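Reproduced below: protein_32.csv, with CSV, C-alpha atoms.
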```
chain,number,residue,atom,x,y,z
A,1,MET,CA,0.0,0.0,0.0
A,2,ILE,CA,1.4,3.4,-1.0
A,3,ARG,CA,1.5,6.0,1.8
A,4,ASN,CA,-0.7,9.1,1.3
A,5,LYS,CA,0.2,12.4,2.9
A,6,VAL,CA,-2.4,14.1,5.0
A,7,VAL,CA,-2.1,17.4,3.1
A,8,ASP,CA,-3.2,15.5,-0.1
A,9,LEU,CA,-6.0,13.7,1.6
A,10,LEU,CA,-7.5,16.9,3.0
A,11,LYS,CA,-7.6,18.2,-0.6
A,12,ALA,CA,-9.2,15.0,-1.9
A,13,SER,CA,-12.1,16.8,-3.7
A,14,THR,CA,-9.7,18.9,-5.8
A,15,LEU,CA,-7.1,16.2,-6.6
A,16,PRO,CA,-6.5,15.4,-10.3
A,17,ALA,CA,-7.3,12.0,-11.7
A,18,GLY,CA,-4.9,9.2,-10.6
A,19,GLN,CA,-4.4,10.5,-7.1
A,20,ALA,CA,-6.2,9.5,-3.9
A,21,GLY,CA,-9.8,10.7,-3.8
A,22,LEU,CA,-13.1,10.1,-2.0
A,23,GLY,CA,-14.1,6.5,-2.0
A,24,GLU,CA,-10.6,5.2,-2.6
A,25,GLU,CA,-8.5,3.1,-0.2
A,26,VAL,CA,-5.7,5.2,1.3
A,27,CYS,CA,-2.9,4.7,3.9
A,28,VAL,CA,-1.8,7.4,6.2
A,29,MET,CA,1.2,7.2,8.6
A,30,GLY,CA,1.9,9.6,11.4
A,31,TRP,CA,1.6,10.5,15.0
A,32,VAL,CA,-1.7,10.4,17.0
A,33,ARG,CA,-2.7,13.9,18.1
A,34,THR,CA,-5.9,12.9,19.9
A,35,LYS,CA,-8.0,9.9,20.5
A,36,ARG,CA,-11.6,9.9,21.6
A,37,ASP,CA,-13.2,6.6,22.7
A,38,GLY,CA,-16.8,5.8,22.4
A,39,LYS,CA,-18.9,2.8,23.1
A,40,ASN,CA,-18.7,1.3,19.6
A,41,ILE,CA,-16.6,3.9,17.7
A,42,CYS,CA,-13.4,5.7,18.5
A,43,PHE,CA,-11.9,8.7,16.7
A,44,ILE,CA,-8.2,9.0,16.1
A,45,ALA,CA,-6.7,12.3,14.8
A,46,VAL,CA,-3.4,11.7,12.9
A,47,ASN,CA,-0.8,14.1,11.7
A,48,ASP,CA,2.3,13.4,9.6
A,49,GLY,CA,3.8,16.9,9.5
A,50,SER,CA,2.8,17.6,5.9
A,51,VAL,CA,0.2,20.1,7.1
A,52,ILE,CA,-0.8,21.6,10.4
A,53,HIS,CA,-4.3,20.1,10.3
A,54,ASN,CA,-5.0,16.5,11.2
A,55,ILE,CA,-7.0,13.9,9.5
A,56,GLN,CA,-9.6,11.9,11.5
A,57,ALA,CA,-9.8,8.1,11.3
A,58,VAL,CA,-13.1,6.5,12.4
A,59,VAL,CA,-12.6,3.1,14.0
A,60,ASP,CA,-15.3,0.5,14.6
A,61,VAL,CA,-14.1,-1.0,17.9
A,62,ASN,CA,-15.8,-4.3,17.1
A,63,ASN,CA,-13.5,-4.9,14.1
A,64,PHE,CA,-10.2,-4.4,16.0
A,65,ASP,CA,-8.5,-6.1,18.9
A,66,ALA,CA,-9.1,-4.3,22.2
A,67,GLU,CA,-5.5,-4.5,23.2
A,68,LEU,CA,-4.4,-2.9,20.0
A,69,LEU,CA,-6.8,0.1,20.4
A,70,LYS,CA,-5.7,0.4,24.1
A,71,SER,CA,-2.1,0.8,23.0
A,72,ILE,CA,-3.0,3.8,20.8
A,73,SER,CA,-2.7,7.1,22.7
A,74,THR,CA,-1.6,10.6,22.1
A,75,GLY,CA,2.0,10.6,20.7
A,76,ALA,CA,1.8,7.0,19.3
A,77,CYS,CA,3.1,6.4,15.8
A,78,VAL,CA,0.6,4.5,13.7
A,79,SER,CA,-0.3,3.5,10.1
A,80,ILE,CA,-4.0,3.5,9.3
A,81,THR,CA,-5.4,2.0,6.1
A,82,GLY,CA,-9.0,2.6,5.1
A,83,THR,CA,-11.5,4.2,2.8
A,84,LEU,CA,-11.5,8.0,2.4
A,85,VAL,CA,-15.1,9.3,2.8
A,86,GLN,CA,-16.9,12.5,3.2
A,87,SER,CA,-17.0,13.4,6.9
A,88,GLN,CA,-20.4,13.3,8.6
A,89,GLY,CA,-19.2,15.5,11.4
A,90,LYS,CA,-18.0,19.1,11.7
A,91,GLY,CA,-14.5,20.3,11.7
A,92,GLN,CA,-13.1,18.3,8.7
A,93,SER,CA,-14.1,17.8,5.1
A,94,CYS,CA,-13.2,14.1,4.9
A,95,GLU,CA,-12.2,11.2,7.1
A,96,ILE,CA,-10.9,7.7,6.9
A,97,GLN,CA,-13.1,4.7,7.7
A,98,ALA,CA,-10.3,2.5,9.2
A,99,LYS,CA,-9.9,-1.1,8.0
A,100,LYS,CA,-6.4,-1.8,9.2
A,101,ILE,CA,-4.2,-0.3,12.0
A,102,GLU,CA,-0.6,-0.9,12.7
A,103,VAL,CA,1.2,0.6,15.7
A,104,PHE,CA,4.9,1.4,15.0
A,105,GLY,CA,5.5,2.9,18.4
A,106,THR,CA,3.6,3.6,21.6
A,107,ALA,CA,3.5,6.5,24.0
A,108,ASP,CA,2.6,6.3,27.7
A,109,GLU,CA,0.8,8.8,29.8
A,110,SER,CA,4.0,10.7,30.5
A,111,PHE,CA,4.2,11.9,26.8
A,112,PRO,CA,4.4,15.7,27.3
A,113,LEU,CA,2.3,16.9,24.4
A,114,GLN,CA,-1.2,16.1,25.6
A,115,LYS,CA,-4.4,17.8,24.4
A,116,LYS,CA,-3.9,21.1,26.3
A,117,GLY,CA,-2.2,24.4,26.1
A,118,HIS,CA,1.6,24.5,26.6
A,119,THR,CA,3.7,27.5,27.5
A,120,LEU,CA,6.7,28.5,25.4
A,121,GLU,CA,8.8,28.0,28.5
A,122,PHE,CA,7.7,24.4,28.8
A,123,LEU,CA,8.3,23.7,25.0
A,124,ARG,CA,11.9,24.9,25.5
A,125,GLU,CA,12.4,21.8,27.6
A,126,ILE,CA,11.2,19.4,24.9
A,127,ALA,CA,12.9,21.0,21.8
A,128,HIS,CA,12.8,17.6,19.9
A,129,LEU,CA,9.0,17.6,20.1
A,130,ARG,CA,8.3,21.3,19.4
A,131,PRO,CA,7.8,20.8,15.6
A,132,ARG,CA,4.7,18.7,16.4
A,133,THR,CA,2.9,21.7,18.0
A,134,ASN,CA,0.7,24.0,16.0
A,135,THR,CA,2.7,27.1,17.2
A,136,PHE,CA,6.1,26.0,16.1
A,137,GLY,CA,4.7,24.2,13.1
A,138,ALA,CA,3.3,27.6,11.9
A,139,VAL,CA,6.6,29.4,12.7
A,140,PHE,CA,8.7,26.9,10.9
A,141,ARG,CA,6.5,26.9,7.8
A,142,ILE,CA,6.6,30.7,7.6
A,143,ARG,CA,10.4,30.6,8.0
A,144,HIS,CA,10.6,28.0,5.2
A,145,HIS,CA,8.6,30.0,2.8
A,146,MET,CA,10.4,33.3,3.5
A,147,ALA,CA,13.8,31.6,3.1
A,148,PHE,CA,12.7,29.8,-0.1
A,149,ALA,CA,11.4,33.1,-1.6
A,150,ILE,CA,14.7,34.9,-0.9
A,151,HIS,CA,16.8,32.1,-2.3
A,152,LYS,CA,14.6,31.9,-5.4
A,153,PHE,CA,14.7,35.6,-6.0
A,154,PHE,CA,18.5,35.7,-6.0
A,155,ASN,CA,18.8,32.4,-7.9
A,156,ASP,CA,16.6,33.8,-10.6
A,157,LYS,CA,18.9,36.9,-10.8
A,158,GLY,CA,21.9,34.7,-11.4
A,159,PHE,CA,23.4,34.8,-7.9
A,160,PHE,CA,25.0,31.8,-6.2
A,161,TYR,CA,24.4,30.8,-2.5
A,162,LEU,CA,27.8,30.1,-0.9
A,163,HIS,CA,28.6,29.0,2.6
A,164,THR,CA,31.3,31.4,3.5
A,165,PRO,CA,33.7,30.9,6.5
A,166,ILE,CA,32.5,32.4,9.8
A,167,ILE,CA,34.6,34.9,11.7
A,168,THR,CA,34.9,33.7,15.3
A,169,GLY,CA,37.2,34.1,18.3
A,170,SER,CA,37.6,30.3,18.7
A,171,ASP,CA,40.8,28.7,17.5
A,172,ALA,CA,39.7,25.0,16.9
A,173,GLU,CA,41.5,22.4,14.9
A,174,GLY,CA,44.2,24.7,13.6
A,175,ALA,CA,41.8,27.3,12.2
A,176,GLY,CA,43.9,30.1,13.5
A,177,GLU,CA,46.6,29.2,11.0
A,178,LEU,CA,44.5,30.4,8.1
A,179,PHE,CA,44.9,34.2,8.4
A,180,HIS,CA,44.3,36.9,11.0
A,181,VAL,CA,41.6,39.5,10.8
A,182,THR,CA,42.3,43.0,12.3
A,183,THR,CA,41.6,46.7,11.6
A,184,LEU,CA,45.1,47.7,12.7
A,185,ASP,CA,48.0,48.5,10.4
A,186,LEU,CA,50.3,45.6,10.9
A,187,LYS,CA,53.2,47.6,9.6
A,188,SER,CA,52.9,50.1,12.4
A,189,THR,CA,51.2,48.4,15.3
A,190,PRO,CA,50.9,50.3,18.6
A,191,LYS,CA,54.0,50.2,20.8
A,192,ASN,CA,52.2,50.6,24.1
A,193,PRO,CA,52.9,47.3,26.0
A,194,PHE,CA,49.6,47.5,27.8
A,195,TYR,CA,47.7,47.7,24.5
A,196,ARG,CA,46.7,44.1,23.5
A,197,VAL,CA,45.8,43.4,20.0
A,198,GLU,CA,43.0,40.9,19.9
A,199,LYS,CA,43.3,38.3,17.2
A,200,LEU,CA,40.1,37.3,15.4
A,201,LEU,CA,40.4,34.0,13.7
A,202,LEU,CA,38.7,32.8,10.5
A,203,PRO,CA,38.1,29.0,10.6
A,204,LEU,CA,37.5,26.8,7.6
```

Output the file's structure as structure tokens, nothing else.
Amino acid sequence: MIRNKVVDLLKASTLPAGQAGLGEEVCVMGWVRTKRDGKNICFIAVNDGSVIHNIQAVVDVNNFDAELLKSISTGACVSITGTLVQSQGKGQSCEIQAKKIEVFGTADESFPLQKKGHTLEFLREIAHLRPRTNTFGAVFRIRHHMAFAIHKFFNDKGFFYLHTPIITGSDAEGAGELFHVTTLDLKSTPKNPFYRVEKLLLPL
């Protein structure tokens, strides 16, 4: 089964022929944002990072092993295969009627990104999980588009993007042997013994 991105599935009604659309079998892989359990049905919101919005999978609990569904919680990594249909509820245009679920990795109750608001100070402590939040997801997407637009502008003008050496005061791995950077006239340096000439080094 070919994996489908969430961003493409949410645009199912506008996809060209040959791509996943309503009524077709799809497979989405990502992290569980939320899970709501009902008596006969549970709803799993999955996100794969391709877009901020989640896609909802509707699961008939009678068709799946209870232990499997119990192992799925916020933060778990899953693969869900099913039919893409028009959503009957509010908040999303389409959803997946789950037929097959595979759990790649579980997350216990200590998983920090639960369904609640998180302060920026708290997110600083879990930098490896920040991209999964809506706040940082939006910031990183804006940064990406801005950087891409700047690079495209100069590329179209015939410029080249070069990674130039960085001027730093650290002398690591013999970088100080390259050359010295100073504003002083080296042919007539100050004679004052208390005047120290700082050496800025340019590493490779």

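Straight-line separation from atom CA of A:Gln88 to atom CA of A:Trp31: 23.1 Å.
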
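Minimum atom-to-atom distance to A:Arg36, evaluated using only C-alpha atoms, belongs to A:Lys115 out of A:Cys94, A:Leu9, A:Lys115, A:Ala138.
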
Atom-to-atom span, atom CA of A:Arg141 and atom CA of A:Phe154, Å: 20.3 Å

Using all atoms listed in the file for the distances, tell me which of A:Gly75, A:Gly49, A:Gly38, A:Gly23 is nearest to A:Val61. A:Gly38

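Nearest to A:Glu95 of all the residues A:Met1, A:Val26, A:Ile166, A:Leu184 is A:Val26, counting only C-alpha atoms.
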
Using the structure block above, produce a file of stretch 124-140 of chain A that contains all heavy atoms, as a PDB file, in the first residue's frame.
```
ATOM      1  N   ARG A 124      10.399  24.806  25.547  1.00  0.00           N
ATOM      2  CA  ARG A 124      11.863  24.918  25.471  1.00  0.00           C
ATOM      3  C   ARG A 124      12.535  23.678  26.061  1.00  0.00           C
ATOM      4  O   ARG A 124      13.652  23.329  25.676  1.00  0.00           O
ATOM      5  CB  ARG A 124      12.341  26.158  26.241  1.00  0.00           C
ATOM      6  CG  ARG A 124      12.115  27.476  25.519  1.00  0.00           C
ATOM      7  CD  ARG A 124      12.470  28.622  26.433  1.00  0.00           C
ATOM      8  NE  ARG A 124      13.875  28.592  26.815  1.00  0.00           N
ATOM      9  CZ  ARG A 124      14.823  29.292  26.215  1.00  0.00           C
ATOM     10  NH1 ARG A 124      14.519  30.083  25.214  1.00  0.00           N
ATOM     11  NH2 ARG A 124      16.080  29.221  26.622  1.00  0.00           N
ATOM     12  N   GLU A 125      11.866  23.012  26.971  1.00  0.00           N
ATOM     13  CA  GLU A 125      12.430  21.844  27.633  1.00  0.00           C
ATOM     14  C   GLU A 125      12.283  20.573  26.797  1.00  0.00           C
ATOM     15  O   GLU A 125      12.908  19.553  27.107  1.00  0.00           O
ATOM     16  CB  GLU A 125      11.762  21.644  28.994  1.00  0.00           C
ATOM     17  CG  GLU A 125      11.921  22.855  29.931  1.00  0.00           C
ATOM     18  CD  GLU A 125      11.135  22.680  31.215  1.00  0.00           C
ATOM     19  OE1 GLU A 125      10.508  21.604  31.380  1.00  0.00           O
ATOM     20  OE2 GLU A 125      11.138  23.599  32.039  1.00  0.00           O
ATOM     21  N   ILE A 126      11.445  20.615  25.766  1.00  0.00           N
ATOM     22  CA  ILE A 126      11.249  19.443  24.897  1.00  0.00           C
ATOM     23  C   ILE A 126      11.416  19.894  23.442  1.00  0.00           C
ATOM     24  O   ILE A 126      10.505  19.759  22.625  1.00  0.00           O
ATOM     25  CB  ILE A 126       9.859  18.810  25.117  1.00  0.00           C
ATOM     26  CG1 ILE A 126       8.753  19.883  25.025  1.00  0.00           C
ATOM     27  CG2 ILE A 126       9.790  18.087  26.441  1.00  0.00           C
ATOM     28  CD1 ILE A 126       7.360  19.293  25.030  1.00  0.00           C
ATOM     29  N   ALA A 127      12.616  20.402  23.147  1.00  0.00           N
ATOM     30  CA  ALA A 127      12.872  20.969  21.819  1.00  0.00           C
ATOM     31  C   ALA A 127      12.676  19.946  20.701  1.00  0.00           C
ATOM     32  O   ALA A 127      12.320  20.314  19.580  1.00  0.00           O
ATOM     33  CB  ALA A 127      14.288  21.539  21.772  1.00  0.00           C
ATOM     34  N   HIS A 128      12.909  18.662  20.986  1.00  0.00           N
ATOM     35  CA  HIS A 128      12.776  17.642  19.947  1.00  0.00           C
ATOM     36  C   HIS A 128      11.323  17.384  19.568  1.00  0.00           C
ATOM     37  O   HIS A 128      11.051  16.784  18.516  1.00  0.00           O
ATOM     38  CB  HIS A 128      13.418  16.332  20.416  1.00  0.00           C
ATOM     39  CG  HIS A 128      12.781  15.741  21.633  1.00  0.00           C
ATOM     40  ND1 HIS A 128      12.806  16.362  22.872  1.00  0.00           N
ATOM     41  CD2 HIS A 128      12.089  14.573  21.801  1.00  0.00           C
ATOM     42  CE1 HIS A 128      12.170  15.600  23.748  1.00  0.00           C
ATOM     43  NE2 HIS A 128      11.723  14.526  23.124  1.00  0.00           N
ATOM     44  N   LEU A 129      10.373  17.840  20.389  1.00  0.00           N
ATOM     45  CA  LEU A 129       8.952  17.632  20.095  1.00  0.00           C
ATOM     46  C   LEU A 129       8.244  18.909  19.644  1.00  0.00           C
ATOM     47  O   LEU A 129       7.086  18.857  19.244  1.00  0.00           O
ATOM     48  CB  LEU A 129       8.239  17.067  21.329  1.00  0.00           C
ATOM     49  CG  LEU A 129       8.676  15.670  21.779  1.00  0.00           C
ATOM     50  CD1 LEU A 129       7.953  15.288  23.060  1.00  0.00           C
ATOM     51  CD2 LEU A 129       8.410  14.640  20.692  1.00  0.00           C
ATOM     52  N   ARG A 130       8.937  20.036  19.710  1.00  0.00           N
ATOM     53  CA  ARG A 130       8.302  21.314  19.364  1.00  0.00           C
ATOM     54  C   ARG A 130       7.715  21.351  17.954  1.00  0.00           C
ATOM     55  O   ARG A 130       6.648  21.938  17.757  1.00  0.00           O
ATOM     56  CB  ARG A 130       9.280  22.466  19.556  1.00  0.00           C
ATOM     57  CG  ARG A 130       9.581  22.779  21.006  1.00  0.00           C
ATOM     58  CD  ARG A 130      10.389  24.045  21.143  1.00  0.00           C
ATOM     59  NE  ARG A 130      11.661  23.971  20.431  1.00  0.00           N
ATOM     60  CZ  ARG A 130      12.549  24.966  20.384  1.00  0.00           C
ATOM     61  NH1 ARG A 130      12.285  26.097  20.997  1.00  0.00           N
ATOM     62  NH2 ARG A 130      13.687  24.818  19.739  1.00  0.00           N
ATOM     63  N   PRO A 131       8.372  20.760  16.951  1.00  0.00           N
ATOM     64  CA  PRO A 131       7.789  20.824  15.603  1.00  0.00           C
ATOM     65  C   PRO A 131       6.417  20.177  15.480  1.00  0.00           C
ATOM     66  O   PRO A 131       5.688  20.440  14.517  1.00  0.00           O
ATOM     67  CB  PRO A 131       8.819  20.079  14.745  1.00  0.00           C
ATOM     68  CG  PRO A 131      10.104  20.234  15.482  1.00  0.00           C
ATOM     69  CD  PRO A 131       9.724  20.170  16.931  1.00  0.00           C
ATOM     70  N   ARG A 132       6.030  19.337  16.443  1.00  0.00           N
ATOM     71  CA  ARG A 132       4.717  18.694  16.386  1.00  0.00           C
ATOM     72  C   ARG A 132       3.592  19.618  16.863  1.00  0.00           C
ATOM     73  O   ARG A 132       2.419  19.301  16.670  1.00  0.00           O
ATOM     74  CB  ARG A 132       4.709  17.428  17.247  1.00  0.00           C
ATOM     75  CG  ARG A 132       5.648  16.340  16.755  1.00  0.00           C
ATOM     76  CD  ARG A 132       5.260  15.026  17.406  1.00  0.00           C
ATOM     77  NE  ARG A 132       6.338  14.047  17.354  1.00  0.00           N
ATOM     78  CZ  ARG A 132       6.258  12.829  17.858  1.00  0.00           C
ATOM     79  NH1 ARG A 132       5.150  12.433  18.456  1.00  0.00           N
ATOM     80  NH2 ARG A 132       7.289  11.990  17.783  1.00  0.00           N
ATOM     81  N   THR A 133       3.940  20.740  17.489  1.00  0.00           N
ATOM     82  CA  THR A 133       2.908  21.656  17.983  1.00  0.00           C
ATOM     83  C   THR A 133       2.470  22.605  16.870  1.00  0.00           C
ATOM     84  O   THR A 133       3.217  22.888  15.936  1.00  0.00           O
ATOM     85  CB  THR A 133       3.430  22.474  19.172  1.00  0.00           C
ATOM     86  OG1 THR A 133       4.497  23.325  18.729  1.00  0.00           O
ATOM     87  CG2 THR A 133       3.941  21.564  20.277  1.00  0.00           C
ATOM     88  N   ASN A 134       1.260  23.116  16.982  1.00  0.00           N
ATOM     89  CA  ASN A 134       0.743  24.043  15.971  1.00  0.00           C
ATOM     90  C   ASN A 134       1.536  25.338  15.952  1.00  0.00           C
ATOM     91  O   ASN A 134       1.788  25.914  14.884  1.00  0.00           O
ATOM     92  CB  ASN A 134      -0.737  24.340  16.236  1.00  0.00           C
ATOM     93  CG  ASN A 134      -1.624  23.155  15.903  1.00  0.00           C
ATOM     94  OD1 ASN A 134      -1.217  22.248  15.181  1.00  0.00           O
ATOM     95  ND2 ASN A 134      -2.831  23.150  16.427  1.00  0.00           N
ATOM     96  N   THR A 135       1.928  25.824  17.130  1.00  0.00           N
ATOM     97  CA  THR A 135       2.653  27.101  17.204  1.00  0.00           C
ATOM     98  C   THR A 135       3.965  27.037  16.436  1.00  0.00           C
ATOM     99  O   THR A 135       4.223  27.853  15.546  1.00  0.00           O
ATOM    100  CB  THR A 135       2.937  27.478  18.672  1.00  0.00           C
ATOM    101  OG1 THR A 135       1.695  27.610  19.372  1.00  0.00           O
ATOM    102  CG2 THR A 135       3.704  28.795  18.744  1.00  0.00           C
ATOM    103  N   PHE A 136       4.797  26.066  16.770  1.00  0.00           N
ATOM    104  CA  PHE A 136       6.089  25.969  16.102  1.00  0.00           C
ATOM    105  C   PHE A 136       5.941  25.451  14.677  1.00  0.00           C
ATOM    106  O   PHE A 136       6.754  25.774  13.811  1.00  0.00           O
ATOM    107  CB  PHE A 136       7.042  25.085  16.905  1.00  0.00           C
ATOM    108  CG  PHE A 136       7.679  25.801  18.061  1.00  0.00           C
ATOM    109  CD1 PHE A 136       7.065  25.834  19.301  1.00  0.00           C
ATOM    110  CD2 PHE A 136       8.873  26.474  17.898  1.00  0.00           C
ATOM    111  CE1 PHE A 136       7.640  26.507  20.372  1.00  0.00           C
ATOM    112  CE2 PHE A 136       9.468  27.151  18.947  1.00  0.00           C
ATOM    113  CZ  PHE A 136       8.847  27.175  20.191  1.00  0.00           C
ATOM    114  N   GLY A 137       4.919  24.649  14.436  1.00  0.00           N
ATOM    115  CA  GLY A 137       4.670  24.203  13.065  1.00  0.00           C
ATOM    116  C   GLY A 137       4.394  25.381  12.153  1.00  0.00           C
ATOM    117  O   GLY A 137       4.871  25.442  11.016  1.00  0.00           O
ATOM    118  N   ALA A 138       3.615  26.359  12.644  1.00  0.00           N
ATOM    119  CA  ALA A 138       3.315  27.555  11.858  1.00  0.00           C
ATOM    120  C   ALA A 138       4.558  28.422  11.679  1.00  0.00           C
ATOM    121  O   ALA A 138       4.833  28.928  10.583  1.00  0.00           O
ATOM    122  CB  ALA A 138       2.204  28.353  12.538  1.00  0.00           C
ATOM    123  N   VAL A 139       5.336  28.596  12.754  1.00  0.00           N
ATOM    124  CA  VAL A 139       6.553  29.415  12.682  1.00  0.00           C
ATOM    125  C   VAL A 139       7.543  28.824  11.686  1.00  0.00           C
ATOM    126  O   VAL A 139       8.108  29.539  10.844  1.00  0.00           O
ATOM    127  CB  VAL A 139       7.204  29.534  14.075  1.00  0.00           C
ATOM    128  CG1 VAL A 139       8.582  30.172  13.967  1.00  0.00           C
ATOM    129  CG2 VAL A 139       6.322  30.358  15.006  1.00  0.00           C
ATOM    130  N   PHE A 140       7.757  27.515  11.757  1.00  0.00           N
ATOM    131  CA  PHE A 140       8.722  26.871  10.864  1.00  0.00           C
ATOM    132  C   PHE A 140       8.267  26.924   9.415  1.00  0.00           C
ATOM    133  O   PHE A 140       9.091  27.043   8.501  1.00  0.00           O
ATOM    134  CB  PHE A 140       8.957  25.421  11.286  1.00  0.00           C
ATOM    135  CG  PHE A 140       9.652  25.286  12.609  1.00  0.00           C
ATOM    136  CD1 PHE A 140       9.445  24.173  13.413  1.00  0.00           C
ATOM    137  CD2 PHE A 140      10.511  26.273  13.055  1.00  0.00           C
ATOM    138  CE1 PHE A 140      10.093  24.047  14.627  1.00  0.00           C
ATOM    139  CE2 PHE A 140      11.160  26.158  14.273  1.00  0.00           C
ATOM    140  CZ  PHE A 140      10.957  25.049  15.061  1.00  0.00           C
TER     141      PHE A 140
END
```
